[in-house]
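Next comes data-v7.csv, a file with CSV, N, CA and C atoms.
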chain,number,residue,atom,x,y,z
A,1022,MET,N,-15.5,20.9,-5.4
A,1022,MET,CA,-15.0,20.8,-4.1
A,1022,MET,C,-15.3,19.5,-3.4
A,1023,THR,N,-16.5,18.9,-3.7
A,1023,THR,CA,-16.8,17.6,-3.1
A,1023,THR,C,-15.9,16.5,-3.7
A,1024,GLN,N,-15.6,16.5,-5.0
A,1024,GLN,CA,-14.7,15.5,-5.5
A,1024,GLN,C,-13.3,15.7,-5.0
A,1025,GLU,N,-12.9,16.9,-4.7
A,1025,GLU,CA,-11.6,17.2,-4.1
A,1025,GLU,C,-11.5,16.6,-2.7
A,1026,LYS,N,-12.6,16.8,-2.0
A,1026,LYS,CA,-12.6,16.2,-0.6
A,1026,LYS,C,-12.6,14.7,-0.6
A,1027,SER,N,-13.3,14.1,-1.6
A,1027,SER,CA,-13.4,12.7,-1.6
A,1027,SER,C,-12.0,12.1,-2.0
A,1028,LEU,N,-11.3,12.8,-2.9
A,1028,LEU,CA,-10.0,12.3,-3.3
A,1028,LEU,C,-9.0,12.4,-2.1
A,1029,LEU,N,-9.1,13.5,-1.4
A,1029,LEU,CA,-8.2,13.7,-0.2
A,1029,LEU,C,-8.6,12.6,0.9
A,1030,GLY,N,-9.9,12.4,1.0
A,1030,GLY,CA,-10.3,11.3,2.0
A,1030,GLY,C,-9.9,9.9,1.6
A,1031,LYS,N,-9.9,9.7,0.3
A,1031,LYS,CA,-9.5,8.4,-0.2
A,1031,LYS,C,-8.0,8.1,0.0
A,1032,TYR,N,-7.2,9.1,-0.3
A,1032,TYR,CA,-5.7,8.9,-0.2
A,1032,TYR,C,-5.1,9.3,1.1
A,1033,PHE,N,-5.7,10.3,1.8
A,1033,PHE,CA,-5.2,10.7,3.1
A,1033,PHE,C,-6.3,10.5,4.1
A,1034,PRO,N,-6.2,9.4,4.8
A,1034,PRO,CA,-7.3,9.1,5.8
A,1034,PRO,C,-7.2,10.0,7.0
A,1035,THR,N,-8.4,10.4,7.5
A,1035,THR,CA,-8.4,11.2,8.7
A,1035,THR,C,-8.8,10.4,10.0
A,1036,ASP,N,-9.2,9.2,9.8
A,1036,ASP,CA,-9.5,8.4,11.0
A,1036,ASP,C,-8.3,7.5,11.4
A,1037,ILE,N,-7.3,8.2,11.9
A,1037,ILE,CA,-6.1,7.5,12.3
A,1037,ILE,C,-6.3,7.0,13.7
A,1038,SER,N,-6.0,5.7,13.9
A,1038,SER,CA,-6.1,5.1,15.2
A,1038,SER,C,-4.8,5.4,16.1
A,1039,LYS,N,-4.9,5.1,17.3
A,1039,LYS,CA,-3.7,5.3,18.2
A,1039,LYS,C,-2.6,4.3,17.8
A,1040,LYS,N,-2.9,3.1,17.3
A,1040,LYS,CA,-1.9,2.2,16.9
A,1040,LYS,C,-1.2,2.7,15.6
A,1041,GLN,N,-2.0,3.3,14.7
A,1041,GLN,CA,-1.4,3.8,13.5
A,1041,GLN,C,-0.5,5.0,13.8
A,1042,ALA,N,-0.9,5.8,14.8
A,1042,ALA,CA,-0.1,7.0,15.2
A,1042,ALA,C,1.2,6.4,15.8
A,1043,THR,N,1.1,5.4,16.6
A,1043,THR,CA,2.3,4.8,17.2
A,1043,THR,C,3.2,4.2,16.2
A,1044,ASP,N,2.7,3.5,15.2
A,1044,ASP,CA,3.5,3.0,14.1
A,1044,ASP,C,4.2,4.1,13.3
A,1045,THR,N,3.5,5.2,13.1
A,1045,THR,CA,4.1,6.3,12.4
A,1045,THR,C,5.3,6.9,13.3
A,1046,GLY,N,5.1,7.0,14.6
A,1046,GLY,CA,6.1,7.5,15.5
A,1046,GLY,C,7.3,6.5,15.4
A,1047,MET,N,7.1,5.2,15.4
A,1047,MET,CA,8.2,4.3,15.3
A,1047,MET,C,8.9,4.4,14.0
A,1048,ALA,N,8.2,4.6,12.9
A,1048,ALA,CA,8.8,4.8,11.6
A,1048,ALA,C,9.7,6.0,11.6
A,1049,MET,N,9.1,7.1,12.2
A,1049,MET,CA,9.9,8.4,12.2
A,1049,MET,C,11.2,8.1,13.1
A,1050,THR,N,11.1,7.4,14.2
A,1050,THR,CA,12.2,7.1,15.0
A,1050,THR,C,13.3,6.3,14.2
A,1051,LEU,N,12.8,5.3,13.5
A,1051,LEU,CA,13.7,4.5,12.6
A,1051,LEU,C,14.4,5.4,11.6
A,1052,ILE,N,13.7,6.2,10.9
A,1052,ILE,CA,14.2,7.1,9.9
A,1052,ILE,C,15.3,8.0,10.5
A,1053,LEU,N,15.0,8.6,11.7
A,1053,LEU,CA,16.0,9.4,12.4
A,1053,LEU,C,17.2,8.6,12.8
A,1054,LEU,N,17.1,7.4,13.3
A,1054,LEU,CA,18.2,6.6,13.6
A,1054,LEU,C,19.1,6.3,12.4
A,1055,LEU,N,18.4,6.0,11.3
A,1055,LEU,CA,19.2,5.7,10.0
A,1055,LEU,C,19.9,6.9,9.5
A,1056,LEU,N,19.2,8.1,9.6
A,1056,LEU,CA,19.9,9.3,9.2
A,1056,LEU,C,21.1,9.6,10.1
A,1057,GLY,N,21.0,9.3,11.4
A,1057,GLY,CA,22.1,9.5,12.3
A,1057,GLY,C,23.3,8.6,12.0
A,1058,PHE,N,22.9,7.3,11.7
A,1058,PHE,CA,23.9,6.3,11.3
A,1058,PHE,C,24.7,6.7,10.1
A,1059,PHE,N,24.0,7.1,9.0
A,1059,PHE,CA,24.6,7.4,7.8
A,1059,PHE,C,25.3,8.7,7.7
A,1060,THR,N,24.8,9.7,8.5
A,1060,THR,CA,25.5,11.0,8.5
A,1060,THR,C,26.5,11.2,9.6
A,1061,LYS,N,26.4,10.3,10.6
A,1061,LYS,CA,27.3,10.4,11.7
A,1061,LYS,C,27.1,11.6,12.6
A,1062,LYS,N,25.9,12.1,12.6
A,1062,LYS,CA,25.6,13.3,13.4
A,1062,LYS,C,24.7,12.9,14.6
A,1063,ILE,N,25.2,13.4,15.7
A,1063,ILE,CA,24.6,13.0,17.0
A,1063,ILE,C,23.2,13.6,17.1
A,1064,LEU,N,22.9,14.8,16.5
A,1064,LEU,CA,21.6,15.4,16.5
A,1064,LEU,C,20.5,14.5,16.2
A,1065,PHE,N,20.7,13.7,15.1
A,1065,PHE,CA,19.6,12.8,14.7
A,1065,PHE,C,19.3,11.8,15.8
A,1066,TYR,N,20.3,11.3,16.5
A,1066,TYR,CA,20.1,10.4,17.6
A,1066,TYR,C,19.3,11.0,18.7
A,1067,GLU,N,19.7,12.2,19.0
A,1067,GLU,CA,19.0,13.0,20.1
A,1067,GLU,C,17.5,13.2,19.7
A,1068,ILE,N,17.2,13.6,18.5
A,1068,ILE,CA,15.8,13.7,18.1
A,1068,ILE,C,15.1,12.4,18.0
A,1069,ALA,N,15.8,11.3,17.7
A,1069,ALA,CA,15.2,10.0,17.7
A,1069,ALA,C,14.8,9.5,19.1
A,1070,ILE,N,15.6,9.8,20.1
A,1070,ILE,CA,15.3,9.5,21.4
A,1070,ILE,C,14.1,10.3,21.9
A,1071,ALA,N,14.0,11.6,21.6
A,1071,ALA,CA,12.8,12.4,21.9
A,1071,ALA,C,11.6,11.8,21.2
A,1072,SER,N,11.8,11.5,19.9
A,1072,SER,CA,10.7,10.9,19.2
A,1072,SER,C,10.1,9.6,19.8
A,1073,LEU,N,11.1,8.8,20.2
A,1073,LEU,CA,10.7,7.5,20.8
A,1073,LEU,C,9.9,7.8,22.2
A,1074,VAL,N,10.4,8.7,22.9
A,1074,VAL,CA,9.7,9.0,24.2
A,1074,VAL,C,8.3,9.5,23.9
A,1075,VAL,N,8.1,10.4,22.9
A,1075,VAL,CA,6.8,11.0,22.6
A,1075,VAL,C,5.9,9.8,22.0
A,1076,THR,N,6.5,8.9,21.3
A,1076,THR,CA,5.7,7.8,20.7
A,1076,THR,C,5.2,6.9,21.8
A,1077,MET,N,6.0,6.7,22.9
A,1077,MET,CA,5.5,5.9,24.0
A,1077,MET,C,4.6,6.6,24.9
A,1078,ALA,N,4.8,7.9,25.1
A,1078,ALA,CA,3.9,8.6,26.0
A,1078,ALA,C,2.7,9.2,25.4
A,1079,ILE,N,2.8,9.9,24.3
A,1079,ILE,CA,1.6,10.6,23.7
A,1079,ILE,C,1.7,10.3,22.2
A,1080,PRO,N,1.3,9.1,21.8
A,1080,PRO,CA,1.4,8.8,20.3
A,1080,PRO,C,0.5,9.6,19.4
A,1081,MET,N,-0.5,10.2,19.9
A,1081,MET,CA,-1.4,10.9,19.0
A,1081,MET,C,-0.8,12.3,18.6
A,1082,LEU,N,0.3,12.6,19.1
A,1082,LEU,CA,1.0,13.8,18.6
A,1082,LEU,C,1.5,13.6,17.2
A,1083,PHE,N,1.6,12.3,16.8
A,1083,PHE,CA,2.0,12.0,15.5
A,1083,PHE,C,0.9,11.9,14.5
A,1084,TYR,N,-0.3,12.3,14.9
A,1084,TYR,CA,-1.5,12.3,14.1
A,1084,TYR,C,-1.3,13.0,12.7
A,1085,PRO,N,-0.8,14.2,12.7
A,1085,PRO,CA,-0.6,14.8,11.3
A,1085,PRO,C,0.4,14.1,10.5
A,1086,PHE,N,1.4,13.6,11.1
A,1086,PHE,CA,2.4,12.8,10.3
A,1086,PHE,C,1.8,11.5,9.8
A,1087,ALA,N,0.9,10.9,10.7
A,1087,ALA,CA,0.3,9.7,10.3
A,1087,ALA,C,-0.6,9.8,9.1
A,1088,VAL,N,-1.3,10.9,9.1
A,1088,VAL,CA,-2.2,11.2,7.9
A,1088,VAL,C,-1.4,11.3,6.6
A,1089,ILE,N,-0.3,12.1,6.7
A,1089,ILE,CA,0.6,12.2,5.5
A,1089,ILE,C,1.2,10.9,5.2
A,1090,TRP,N,1.7,10.2,6.2
A,1090,TRP,CA,2.5,8.9,6.0
A,1090,TRP,C,1.6,7.9,5.3
A,1091,PHE,N,0.4,7.7,5.9
A,1091,PHE,CA,-0.5,6.6,5.3
A,1091,PHE,C,-1.1,7.1,4.0
A,1092,GLY,N,-1.2,8.4,3.8
A,1092,GLY,CA,-1.7,8.9,2.4
A,1092,GLY,C,-0.6,8.6,1.4
A,1093,LEU,N,0.6,8.9,1.7
A,1093,LEU,CA,1.7,8.7,0.7
A,1093,LEU,C,1.9,7.2,0.4
A,1094,THR,N,1.7,6.3,1.4
A,1094,THR,CA,1.9,4.9,1.2
A,1094,THR,C,0.7,4.4,0.3
A,1095,THR,N,-0.5,4.9,0.5
A,1095,THR,CA,-1.6,4.5,-0.4
A,1095,THR,C,-1.4,5.0,-1.8
A,1096,LEU,N,-0.9,6.2,-2.0
A,1096,LEU,CA,-0.6,6.7,-3.3
A,1096,LEU,C,0.5,5.9,-4.0
A,1097,LEU,N,1.5,5.7,-3.2
A,1097,LEU,CA,2.7,4.9,-3.7
A,1097,LEU,C,2.3,3.5,-4.1
A,1098,GLY,N,1.4,2.9,-3.3
A,1098,GLY,CA,1.0,1.6,-3.6
A,1098,GLY,C,0.2,1.5,-4.9
A,1099,GLU,N,-0.7,2.5,-5.1
A,1099,GLU,CA,-1.5,2.5,-6.4
A,1099,GLU,C,-0.6,2.7,-7.6
A,1100,VAL,N,0.3,3.7,-7.5
A,1100,VAL,CA,1.1,4.1,-8.7
A,1100,VAL,C,2.1,2.9,-9.0
A,1101,VAL,N,2.8,2.4,-8.0
A,1101,VAL,CA,3.8,1.4,-8.2
A,1101,VAL,C,3.2,0.1,-8.8
A,1102,SER,N,2.1,-0.3,-8.3
A,1102,SER,CA,1.5,-1.5,-8.7
A,1102,SER,C,1.1,-1.4,-10.2
A,1103,LYS,N,0.6,-0.2,-10.6
A,1103,LYS,CA,0.2,-0.1,-12.0
A,1103,LYS,C,1.5,0.0,-12.9
A,1104,ILE,N,2.5,0.6,-12.5
A,1104,ILE,CA,3.7,0.7,-13.2
A,1104,ILE,C,4.4,-0.7,-13.3
A,1105,LEU,N,4.4,-1.4,-12.2
A,1105,LEU,CA,5.1,-2.7,-12.2
A,1105,LEU,C,4.3,-3.7,-13.1
A,1106,LEU,N,3.0,-3.7,-13.0
A,1106,LEU,CA,2.2,-4.6,-13.9
A,1106,LEU,C,2.4,-4.2,-15.3
A,1107,THR,N,2.4,-3.0,-15.7
A,1107,THR,CA,2.7,-2.6,-17.0
A,1107,THR,C,4.0,-3.0,-17.6
A,1108,VAL,N,5.0,-2.8,-16.7
A,1108,VAL,CA,6.4,-3.3,-17.1
A,1108,VAL,C,6.4,-4.8,-17.3
A,1109,ILE,N,5.8,-5.5,-16.4
A,1109,ILE,CA,5.8,-7.0,-16.6
A,1109,ILE,C,5.1,-7.4,-17.8
A,1110,TYR,N,4.0,-6.7,-18.1
A,1110,TYR,CA,3.2,-7.1,-19.3
A,1110,TYR,C,4.1,-6.8,-20.6
A,1111,PHE,N,4.7,-5.6,-20.7
A,1111,PHE,CA,5.4,-5.3,-21.9
A,1111,PHE,C,6.8,-6.0,-22.0
A,1112,VAL,N,7.4,-6.4,-20.9
A,1112,VAL,CA,8.7,-7.1,-20.9
A,1112,VAL,C,8.6,-8.6,-21.0
A,1113,VAL,N,7.5,-9.2,-20.4
A,1113,VAL,CA,7.4,-10.6,-20.4
A,1113,VAL,C,6.3,-11.1,-21.3
A,1114,LEU,N,5.1,-10.7,-21.1
A,1114,LEU,CA,3.9,-11.3,-21.7
A,1114,LEU,C,3.8,-10.9,-23.2
A,1115,PHE,N,4.0,-9.6,-23.5
A,1115,PHE,CA,3.8,-9.2,-24.9
A,1115,PHE,C,4.8,-9.8,-25.8
A,1116,PRO,N,6.1,-9.9,-25.5
A,1116,PRO,CA,7.1,-10.6,-26.4
A,1116,PRO,C,6.8,-12.1,-26.6
A,1117,VAL,N,6.4,-12.7,-25.5
A,1117,VAL,CA,6.0,-14.1,-25.6
A,1117,VAL,C,4.8,-14.3,-26.5
A,1118,SER,N,3.8,-13.4,-26.4
A,1118,SER,CA,2.7,-13.6,-27.3
A,1118,SER,C,3.1,-13.3,-28.8
A,1119,LEU,N,4.0,-12.4,-29.0
A,1119,LEU,CA,4.4,-12.2,-30.4
A,1119,LEU,C,5.2,-13.4,-30.9
A,1120,ILE,N,6.0,-14.0,-30.1
A,1120,ILE,CA,6.8,-15.1,-30.5
A,1120,ILE,C,5.9,-16.3,-30.8
A,1121,ARG,N,4.9,-16.5,-29.9
A,1121,ARG,CA,3.9,-17.6,-30.2
A,1121,ARG,C,3.1,-17.4,-31.4
A,1122,GLN,N,2.7,-16.2,-31.6
A,1122,GLN,CA,1.9,-15.8,-32.8
A,1122,GLN,C,2.8,-16.0,-34.1
A,1123,ALA,N,4.0,-15.6,-34.0
A,1123,ALA,CA,4.9,-15.8,-35.2
A,1123,ALA,C,5.2,-17.3,-35.5
A,1124,MET,N,5.2,-18.1,-34.4
A,1124,MET,CA,5.4,-19.6,-34.6
A,1124,MET,C,4.1,-20.3,-35.1
A,1125,GLY,N,3.0,-19.6,-35.1
A,1125,GLY,CA,1.7,-20.2,-35.5
A,1125,GLY,C,1.1,-21.0,-34.4
A,1126,LYS,N,1.4,-20.8,-33.2
A,1126,LYS,CA,0.8,-21.5,-32.1
A,1126,LYS,C,-0.7,-21.0,-31.9
A,1127,ASP,N,-1.6,-22.0,-31.6
A,1127,ASP,CA,-3.0,-21.7,-31.4
A,1127,ASP,C,-3.5,-22.6,-30.3
A,1128,THR,N,-3.0,-22.3,-29.1
A,1128,THR,CA,-3.3,-23.2,-27.9
A,1128,THR,C,-4.8,-23.3,-27.7
A,1129,LEU,N,-5.6,-22.2,-27.9
A,1129,LEU,CA,-7.0,-22.2,-27.6
A,1129,LEU,C,-7.8,-22.8,-28.8
A,1130,ASP,N,-7.2,-23.2,-29.9
A,1130,ASP,CA,-7.9,-23.6,-31.1
A,1130,ASP,C,-8.9,-22.6,-31.6
A,1131,LEU,N,-8.5,-21.4,-31.6
A,1131,LEU,CA,-9.5,-20.3,-32.0
A,1131,LEU,C,-9.7,-20.4,-33.5
A,1132,LYS,N,-8.7,-20.9,-34.3
A,1132,LYS,CA,-9.0,-21.0,-35.7
A,1132,LYS,C,-10.0,-22.1,-36.0
A,1133,THR,N,-9.9,-23.2,-35.3
A,1133,THR,CA,-10.9,-24.3,-35.5
A,1133,THR,C,-12.2,-23.8,-35.1
A,1134,PHE,N,-12.3,-23.1,-34.0
A,1134,PHE,CA,-13.6,-22.6,-33.5
A,1134,PHE,C,-14.3,-21.7,-34.5
A,1135,LYS,N,-13.5,-20.9,-35.1
A,1135,LYS,CA,-14.1,-19.9,-36.1
A,1135,LYS,C,-14.5,-20.6,-37.4
A,1136,LYS,N,-13.9,-21.7,-37.8
A,1136,LYS,CA,-14.2,-22.3,-39.0
A,1136,LYS,C,-15.5,-23.1,-39.0
A,1137,SER,N,-15.8,-23.8,-37.8
A,1137,SER,CA,-16.9,-24.6,-37.8
A,1137,SER,C,-17.8,-24.1,-36.6
A,1138,GLY,N,-19.0,-24.6,-36.7
A,1138,GLY,CA,-20.0,-24.2,-35.6
A,1138,GLY,C,-20.0,-25.2,-34.4
A,1139,LYS,N,-19.1,-26.2,-34.5
A,1139,LYS,CA,-19.1,-27.2,-33.5
A,1139,LYS,C,-18.2,-26.8,-32.3
A,1140,SER,N,-18.3,-27.4,-31.2
A,1140,SER,CA,-17.5,-27.1,-30.1
A,1140,SER,C,-16.1,-27.6,-30.3
A,1141,VAL,N,-15.2,-26.9,-29.7
A,1141,VAL,CA,-13.8,-27.3,-29.7
A,1141,VAL,C,-13.4,-28.0,-28.5
A,1142,MET,N,-14.3,-28.2,-27.6
A,1142,MET,CA,-14.0,-28.9,-26.3
A,1142,MET,C,-13.8,-30.4,-26.6
A,1143,ILE,N,-12.8,-31.0,-26.0
A,1143,ILE,CA,-12.5,-32.4,-26.2
A,1143,ILE,C,-13.2,-33.2,-25.1
A,1144,THR,N,-14.0,-34.2,-25.6
A,1144,THR,CA,-14.7,-35.1,-24.6
A,1144,THR,C,-13.7,-36.2,-24.2
A,1145,ARG,N,-13.5,-36.3,-23.0
A,1145,ARG,CA,-12.5,-37.3,-22.5
A,1145,ARG,C,-13.2,-38.3,-21.5
A,1146,ASN,N,-13.5,-39.5,-21.9
A,1146,ASN,CA,-14.0,-40.5,-21.0
A,1146,ASN,C,-12.9,-41.3,-20.5
A,1147,HIS,N,-12.5,-40.9,-19.2
A,1147,HIS,CA,-11.3,-41.6,-18.6
A,1147,HIS,C,-11.7,-41.9,-17.2
A,1148,LEU,N,-11.4,-43.2,-16.8
A,1148,LEU,CA,-11.6,-43.6,-15.5
A,1148,LEU,C,-10.3,-43.4,-14.7
A,1149,PHE,N,-10.4,-42.5,-13.7
A,1149,PHE,CA,-9.2,-42.1,-12.9
A,1149,PHE,C,-8.9,-43.2,-11.9
A,1150,THR,N,-7.6,-43.5,-11.8
A,1150,THR,CA,-7.2,-44.6,-10.9
A,1150,THR,C,-6.2,-44.0,-9.9
A,1151,ALA,N,-5.8,-44.8,-9.0
A,1151,ALA,CA,-4.8,-44.3,-8.0
A,1151,ALA,C,-3.5,-43.9,-8.6
A,1152,LYS,N,-3.1,-44.5,-9.7
A,1152,LYS,CA,-1.9,-44.1,-10.4
A,1152,LYS,C,-2.0,-42.7,-11.0
A,1153,ASP,N,-3.1,-42.3,-11.4
A,1153,ASP,CA,-3.3,-40.9,-11.9
A,1153,ASP,C,-3.1,-39.9,-10.8
A,1154,ILE,N,-3.5,-40.2,-9.6
A,1154,ILE,CA,-3.3,-39.3,-8.5
A,1154,ILE,C,-1.9,-39.3,-8.0
A,1155,GLU,N,-1.2,-40.4,-8.1
A,1155,GLU,CA,0.2,-40.4,-7.7
A,1155,GLU,C,1.1,-39.6,-8.6
A,1156,HIS,N,0.8,-39.6,-9.9
A,1156,HIS,CA,1.6,-38.9,-10.8
A,1156,HIS,C,0.7,-38.0,-11.7
A,1157,PRO,N,0.3,-36.9,-11.1
A,1157,PRO,CA,-0.7,-36.1,-11.9
A,1157,PRO,C,-0.2,-35.4,-13.1
A,1158,TYR,N,1.1,-35.2,-13.2
A,1158,TYR,CA,1.7,-34.6,-14.4
A,1158,TYR,C,2.4,-35.5,-15.2
Is it possible to give me this structure as structure tokens?
Amino acid sequence: MTQEKSLLGKYFPTDISKKQATDTGMAMTLILLLLGFFTKKILFYEIAIASLVVTMAIPMLFYPFAVIWFGLTTLLGEVVSKILLTVIYFVVLFPVSLIRQAMGKDTLDLKTFKKSGKSVMITRNHLFTAKDIEHPY
């Protein structure tokens, strides 16, 4: 039960501020306005006007909606970021690494490092001048 409460507390915050409740009310109003626009039903506009008045007068009435709203956005943020990073890895990075490996590229000189006990770092004694700063690449 304790772990269940901590998970609910992590994803569905109960310490909603007045500003967060106001933001939720504004989001609900926007959703209602969009529903009215796309469905062409006046009822959604009427509810949106009432929602806006409540948001301006008593924003804490949106407290339960704010808990759900911020909880869903937190969950969505965690899930989407993991999915997006996984897709980027398998679509971009993994194929590039396979191609580089097939071409025999060894940018880090790992083969040299494994063959000898010496360092693979290159010592570069170079005096930097103003020209180096003007054209760094």
Rounded to one decimal in Å, what is the spacing between CA of Phe1091 (chain A) and CA of Thr1076 (chain A)?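 Interatomic distance here is 16.6 Å.
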Polymer residues at most 7 Å from Gly1092 (chain A), only C-alpha atoms, same-chain spacing of 6 or more positions, as a list of chain:residue names: A:Tyr1032, A:Phe1033, A:Pro1034
Among listed residues A:Leu1093, A:Leu1082, A:Ile1120, A:Leu1051, nearest Ala1069 (chain A) (using all atoms listed in the file):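 Checking each of A:Leu1093, A:Leu1082, A:Ile1120, A:Leu1051 against Ala1069 (chain A), counting all atoms listed in the file, the winner is A:Leu1051.
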Have a look at A:Tyr1084, A:Phe1058, A:Thr1095, A:Asp1130 and name the one nearest to Gln1041 (chain A); count all atoms listed in the file.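 Among the listed residues, the smallest separation from Gln1041 (chain A) belongs to A:Tyr1084.
One distance worth recording is that between CA of Pro1080 (chain A) and atom C of Ala1042 (chain A), which is 5.1 Å.
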